[in-house]
Amino acid sequence: MVVEMQIGPVDDGKPVHKWLRLLLPGMPLSGIYKCIRTGRVKVNGKRAKQETVLVEGDVVHLYMAEDDFANLTRPKRPKYAGVSRDIEVVHEDADILVVNKPVGVLVHPAEGEYASTLQARVEAYVYANRPVRAGEAFHPAPVHRLDRNTSGLIVFAKTSRAAKRWSQAFQSGDVIKEYWALVEGEVSQPGYVDAALTRDGQVTRIANDGGKRSATHYEPLGVSRGTSWLQVRLETGRTHQIRAHLAHIGHPLVGDLKYGARPTRGEPFFLHAVHLRLANQLDLTAPIPQRFKRKLESLGYDLTRLHTP
């Protein structure tokens with residue numbers, strides 16, 4: 001049997017072996033390479049090579065039994081049965097979807113948890129609003145991370161080229177990311193933390209030797225009842241960077257027990273990705289979550305000064 005598929009905009013720019021890996025999740029990577037090596041994959045009538053990059057409009061032929069193809073391809077819409085499409089879309093275009101993530105939701109599937117993740121919700125939302133073409137392999141994917149208990153703006157790529165472009169923009173520091181944080185103690189002046197970080201199990205620690213350079217800027221928006229409301233800007237983007245850096249200077253996030261905060265009434269910490277900007281392309285803000293707003297009000301902060309960056 002010959003399976004014929006035409007590459008659409010979603011998979012434009014994808015190396016053929018990565019496209020096949022997504023298209024045929026039931027096939028091991030060694031099987032993918034064998035298919036290419038033995039000439040069972042052709043692009044525009046020519047044998048594909050491992051380094052072949054697919055372009056929108058390319059016609060791909062796969063030479064395999066119909067039953068094998070059916071068993072190896074990933075399930076389509078039934079996969080999203082029971083997955084909520086309840087997401088707060090802040091921005092959407094042909095390439096990306098920007099979502100205001102709520103507290104308590106995982107971004108990526110982990111330890112068998114899939115249906116409740118933001119990844120699953122975004123996939124369900126996109127596939128409900130866009131026809132699925134035969135042979136379409138790429139699915140929406142986040143291009144950066146937020147912790148389960150961090151709320152705010154997160155970018156999902158809807159195409160292969162967008163995923164590569166936005167991942168590079170985040171890694172290079174071209175994307176400006178600003179957060180609101182509620183911390184213990186009084187911070188009266190703006191400051192800057194430049195301290196290398198390293199991962200130690202589930203915790204990020206200051207690296208006494210080596211580690212990755214990490215830099216965080218912060219500025220107080222208010223001080224009240226032994227706490228400070230900060231605006232934080234990341235110069236780098238390490239795992240738990242804000243949490244580790246603010247704890248390092250003696251101001252852990254309120255409720256962040258993992259990083260040394262005082263015990264609270266079971267509330268998660270207060271950290272919100274409020275602003276995201278890429279010059280000449282995107283400038284977005286996410287409204288403060290109600291739980292964060294109520295906490296500020298309970299501490300006596302003057303919310304008439306509430307502003308976004």
# chains A, B, ... in the order shown; residues from 1 in each chain; ligands from 1

$ residues_around --residues "Val98 in chain A" --least-positions-apart "3" --cutoff "6 Å" --atoms "only C-alpha atoms" --output "PyMOL selection string"
chain A and resi 90-91+154-155

$ closest_residue --among "A:Ser30, A:Leu271, A:Pro109, A:Trp229" --to "Thr150 in chain A" --atoms "only C-alpha atoms"
A:Leu271

$ residues_around --residues "Arg165 in chain A" --least-positions-apart "2" --cutoff "12 Å" --atoms "only C-alpha atoms" --output "ChimeraX atom specification"
/A:13,95-96,143,155-163,167-172,174-175,278

$ residues_around --residues "Gly8 in chain A" --least-positions-apart "4" --cutoff "7 Å" --atoms "only C-alpha atoms" --output "list in words"
Asp12, Glu56 and Gly57 of chain A

$ atom_distance --atom1 "CA of Lys258 in chain A" --atom2 "CA of Ala181 in chain A"
15.7 Å

$ closest_residue --among "A:Leu29, A:Leu153, A:Val60, A:Leu284" --to "Lys101 in chain A" --atoms "only C-alpha atoms"
A:Leu153

$ residues_around --residues "Thr117 in chain A" --least-positions-apart "3" --cutoff "12 Å" --atoms "only C-alpha atoms" --output "MDAnalysis selection string"
chainID A and resid 80 83:87 101:114 120:124 141:142 147:148

$ closest_residue --among "A:Lys177, A:Arg243, A:Arg277, A:Arg205" --to "Ala261 in chain A" --atoms "only C-alpha atoms"
A:Arg243

$ atom_distance --atom1 "CA of Val55 in chain A" --atom2 "CA of Pro140 in chain A"
18.2 Å

$ closest_residue --among "A:Ala244, A:Ile7, A:Val16, A:Val254" --to "Val53 in chain A" --atoms "only C-alpha atoms"
A:Val16

$ residues_around --residues "Glu297 in chain A" --least-positions-apart "4" --cutoff "12 Å" --atoms "only C-alpha atoms" --output "PyMOL selection string"
chain A and resi 222+224-225+229+290-293+301-306

$ write_last_selection --atoms "N, CA, C and O atoms" --output "tab-separated table (two decimals), in the first residue's frame"
chain	number	residue	atom	x	y	z
A	222	GLY	N	4.56	48.01	46.13
A	222	GLY	CA	3.94	48.37	47.40
A	222	GLY	C	4.48	47.52	48.52
A	222	GLY	O	5.03	46.44	48.30
A	224	SER	N	3.25	46.25	52.59
A	224	SER	CA	2.15	46.26	53.55
A	224	SER	C	2.21	45.03	54.46
A	224	SER	O	2.39	43.90	53.98
A	225	ARG	N	2.10	45.26	55.75
A	225	ARG	CA	1.98	44.21	56.77
A	225	ARG	C	3.04	43.12	56.63
A	225	ARG	O	2.75	41.93	56.64
A	229	TRP	N	4.85	43.65	47.43
A	229	TRP	CA	4.30	43.30	46.12
A	229	TRP	C	5.33	43.78	45.09
A	229	TRP	O	5.62	44.99	45.00
A	290	GLN	N	-8.16	36.67	40.48
A	290	GLN	CA	-8.98	37.10	41.61
A	290	GLN	C	-8.37	36.70	42.94
A	290	GLN	O	-8.43	37.45	43.91
A	291	ARG	N	-7.79	35.50	43.03
A	291	ARG	CA	-7.20	35.07	44.31
A	291	ARG	C	-6.04	35.97	44.71
A	291	ARG	O	-5.84	36.28	45.88
A	292	PHE	N	-5.25	36.42	43.71
A	292	PHE	CA	-4.13	37.33	43.97
A	292	PHE	C	-4.68	38.69	44.40
A	292	PHE	O	-4.21	39.29	45.37
A	293	LYS	N	-5.71	39.15	43.70
A	293	LYS	CA	-6.30	40.44	44.02
A	293	LYS	C	-6.88	40.44	45.44
A	293	LYS	O	-6.68	41.38	46.22
A	301	TYR	N	-3.29	46.47	50.60
A	301	TYR	CA	-2.67	47.19	49.49
A	301	TYR	C	-3.69	48.10	48.81
A	301	TYR	O	-4.87	47.75	48.71
A	302	ASP	N	-3.22	49.23	48.34
A	302	ASP	CA	-4.07	50.19	47.64
A	302	ASP	C	-4.16	49.77	46.17
A	302	ASP	O	-3.26	50.03	45.38
A	303	LEU	N	-5.27	49.13	45.80
A	303	LEU	CA	-5.39	48.62	44.44
A	303	LEU	C	-5.83	49.68	43.44
A	303	LEU	O	-5.96	49.37	42.25
A	304	THR	N	-6.06	50.90	43.90
A	304	THR	CA	-6.31	51.96	42.93
A	304	THR	C	-5.02	52.24	42.15
A	304	THR	O	-5.07	52.84	41.07
A	305	ARG	N	-3.90	51.77	42.69
A	305	ARG	CA	-2.62	51.93	42.00
A	305	ARG	C	-2.32	50.75	41.09
A	305	ARG	O	-1.26	50.66	40.47
A	306	LEU	N	-3.28	49.81	41.06
A	306	LEU	CA	-3.08	48.62	40.25
A	306	LEU	C	-2.85	49.02	38.80
A	306	LEU	O	-3.63	49.76	38.20

$ residues_around --residues "Asp194 in chain A" --least-positions-apart "2" --cutoff "7 Å" --atoms "only C-alpha atoms" --output "list in words"
Tyr192, Ala196, Ser214, Ala215 and Thr216 of chain A

$ closest_residue --among "A:Thr73, A:Asn44, A:Thr38, A:Thr52" --to "Leu23 in chain A" --atoms "only C-alpha atoms"
A:Thr73

$ closest_residue --among "A:Lys49, A:Tyr179, A:His240, A:Leu296" --to "Asp200 in chain A" --atoms "only C-alpha atoms"
A:His240

$ atom_distance --atom1 "CA of Phe138 in chain A" --atom2 "CA of Ala65 in chain A"
22.9 Å

$ select_by_dssp --residues "range 25-79 of chain A" --states "strand (DSSP E or B)" --output "tab-separated table (two decimals) with C-alpha atoms, in the first residue's frame"
chain	number	residue	atom	x	y	z
A	41	VAL	CA	9.46	7.25	2.44
A	42	LYS	CA	9.48	9.47	-0.65
A	43	VAL	CA	9.08	13.24	-0.85
A	46	LYS	CA	12.42	11.15	-4.44
A	47	ARG	CA	13.71	8.97	-1.61
A	53	VAL	CA	13.15	19.10	5.69
A	59	VAL	CA	3.78	15.33	-1.32
A	60	VAL	CA	4.94	12.44	0.86
A	61	HIS	CA	4.45	8.77	0.00
A	62	LEU	CA	4.75	6.10	2.69
A	63	TYR	CA	5.08	2.49	1.59

$ select_by_dssp --residues "range 104-231 of chain A" --states "alpha helix (DSSP H)" --output "PyMOL selection string"
chain A and resi 118-129+160-172

$ write_last_selection --atoms "N, CA and C atoms" --output "mmCIF file, in the first residue's frame"
data_model
loop_
_atom_site.group_PDB
_atom_site.id
_atom_site.type_symbol
_atom_site.label_atom_id
_atom_site.label_comp_id
_atom_site.auth_asym_id
_atom_site.auth_seq_id
_atom_site.Cartn_x
_atom_site.Cartn_y
_atom_site.Cartn_z
ATOM 1 N N LEU A 118 -2.820 21.868 30.794
ATOM 2 C CA LEU A 118 -3.048 22.957 29.846
ATOM 3 C C LEU A 118 -2.724 22.495 28.428
ATOM 4 N N GLN A 119 -1.710 21.644 28.281
ATOM 5 C CA GLN A 119 -1.372 21.087 26.968
ATOM 6 C C GLN A 119 -2.584 20.403 26.347
ATOM 7 N N ALA A 120 -3.263 19.549 27.119
ATOM 8 C CA ALA A 120 -4.429 18.824 26.600
ATOM 9 C C ALA A 120 -5.560 19.778 26.255
ATOM 10 N N ARG A 121 -5.789 20.766 27.107
ATOM 11 C CA ARG A 121 -6.875 21.718 26.858
ATOM 12 C C ARG A 121 -6.624 22.517 25.581
ATOM 13 N N VAL A 122 -5.375 22.937 25.393
ATOM 14 C CA VAL A 122 -5.046 23.711 24.192
ATOM 15 C C VAL A 122 -5.181 22.835 22.944
ATOM 16 N N GLU A 123 -4.696 21.609 23.022
ATOM 17 C CA GLU A 123 -4.851 20.700 21.878
ATOM 18 C C GLU A 123 -6.328 20.519 21.529
ATOM 19 N N ALA A 124 -7.155 20.267 22.551
ATOM 20 C CA ALA A 124 -8.586 20.061 22.318
ATOM 21 C C ALA A 124 -9.224 21.301 21.708
ATOM 22 N N TYR A 125 -8.830 22.478 22.206
ATOM 23 C CA TYR A 125 -9.367 23.746 21.694
ATOM 24 C C TYR A 125 -8.980 23.951 20.226
ATOM 25 N N VAL A 126 -7.705 23.737 19.916
ATOM 26 C CA VAL A 126 -7.231 23.971 18.543
ATOM 27 C C VAL A 126 -7.869 22.991 17.575
ATOM 28 N N TYR A 127 -7.926 21.719 17.945
ATOM 29 C CA TYR A 127 -8.478 20.728 17.030
ATOM 30 C C TYR A 127 -9.988 20.859 16.884
ATOM 31 N N ALA A 128 -10.636 21.471 17.861
ATOM 32 C CA ALA A 128 -12.073 21.722 17.735
ATOM 33 C C ALA A 128 -12.359 22.899 16.810
ATOM 34 N N ASN A 129 -11.360 23.757 16.628
ATOM 35 C CA ASN A 129 -11.566 24.967 15.836
ATOM 36 C C ASN A 129 -10.804 24.984 14.522
ATOM 37 N N SER A 160 5.078 24.115 13.245
ATOM 38 C CA SER A 160 6.451 23.702 13.503
ATOM 39 C C SER A 160 7.421 24.881 13.433
ATOM 40 N N ARG A 161 7.265 25.718 12.421
ATOM 41 C CA ARG A 161 8.173 26.866 12.288
ATOM 42 C C ARG A 161 7.994 27.848 13.445
ATOM 43 N N ALA A 162 6.759 28.044 13.880
ATOM 44 C CA ALA A 162 6.518 28.948 15.007
ATOM 45 C C ALA A 162 7.151 28.404 16.280
ATOM 46 N N ALA A 163 7.099 27.101 16.470
ATOM 47 C CA ALA A 163 7.705 26.495 17.658
ATOM 48 C C ALA A 163 9.202 26.769 17.690
ATOM 49 N N LYS A 164 9.850 26.600 16.561
ATOM 50 C CA LYS A 164 11.296 26.833 16.500
ATOM 51 C C LYS A 164 11.621 28.311 16.701
ATOM 52 N N ARG A 165 10.866 29.179 16.031
ATOM 53 C CA ARG A 165 11.139 30.617 16.105
ATOM 54 C C ARG A 165 10.931 31.162 17.518
ATOM 55 N N TRP A 166 9.814 30.780 18.159
ATOM 56 C CA TRP A 166 9.526 31.304 19.489
ATOM 57 C C TRP A 166 10.405 30.677 20.567
ATOM 58 N N SER A 167 10.754 29.417 20.418
ATOM 59 C CA SER A 167 11.682 28.790 21.369
ATOM 60 C C SER A 167 13.022 29.511 21.344
ATOM 61 N N GLN A 168 13.502 29.827 20.154
ATOM 62 C CA GLN A 168 14.768 30.555 20.027
ATOM 63 C C GLN A 168 14.664 31.950 20.624
ATOM 64 N N ALA A 169 13.506 32.616 20.427
ATOM 65 C CA ALA A 169 13.320 33.966 20.965
ATOM 66 C C ALA A 169 13.349 33.958 22.491
ATOM 67 N N PHE A 170 12.734 32.956 23.105
ATOM 68 C CA PHE A 170 12.780 32.858 24.566
ATOM 69 C C PHE A 170 14.192 32.541 25.048
ATOM 70 N N GLN A 171 14.863 31.615 24.389
ATOM 71 C CA GLN A 171 16.195 31.219 24.820
ATOM 72 C C GLN A 171 17.212 32.343 24.667
ATOM 73 N N SER A 172 17.030 33.174 23.657
ATOM 74 C CA SER A 172 17.981 34.268 23.413
ATOM 75 C C SER A 172 17.708 35.494 24.269
#

$ decode --residues "range 219-239 of chain A" --atoms "C-alpha atoms" --output "mmCIF file, in the first residue's frame"
data_model
loop_
_atom_site.group_PDB
_atom_site.id
_atom_site.type_symbol
_atom_site.label_atom_id
_atom_site.label_comp_id
_atom_site.auth_asym_id
_atom_site.auth_seq_id
_atom_site.Cartn_x
_atom_site.Cartn_y
_atom_site.Cartn_z
ATOM 1 C CA GLU A 219 10.954 46.604 41.788
ATOM 2 C CA PRO A 220 8.509 47.155 44.661
ATOM 3 C CA LEU A 221 4.939 48.153 43.761
ATOM 4 C CA GLY A 222 3.935 48.373 47.399
ATOM 5 C CA VAL A 223 4.748 47.307 50.963
ATOM 6 C CA SER A 224 2.151 46.255 53.549
ATOM 7 C CA ARG A 225 1.981 44.211 56.770
ATOM 8 C CA GLY A 226 5.351 42.609 56.473
ATOM 9 C CA THR A 227 4.995 41.752 52.784
ATOM 10 C CA SER A 228 5.999 43.331 49.489
ATOM 11 C CA TRP A 229 4.304 43.303 46.115
ATOM 12 C CA LEU A 230 7.008 43.173 43.450
ATOM 13 C CA GLN A 231 7.239 43.566 39.724
ATOM 14 C CA VAL A 232 9.890 41.124 38.507
ATOM 15 C CA ARG A 233 11.625 40.970 35.134
ATOM 16 C CA LEU A 234 13.620 37.960 34.010
ATOM 17 C CA GLU A 235 16.853 38.454 32.151
ATOM 18 C CA THR A 236 17.268 34.674 31.895
ATOM 19 C CA GLY A 237 14.699 31.900 32.177
ATOM 20 C CA ARG A 238 15.791 29.098 34.520
ATOM 21 C CA THR A 239 13.476 26.651 36.275
#
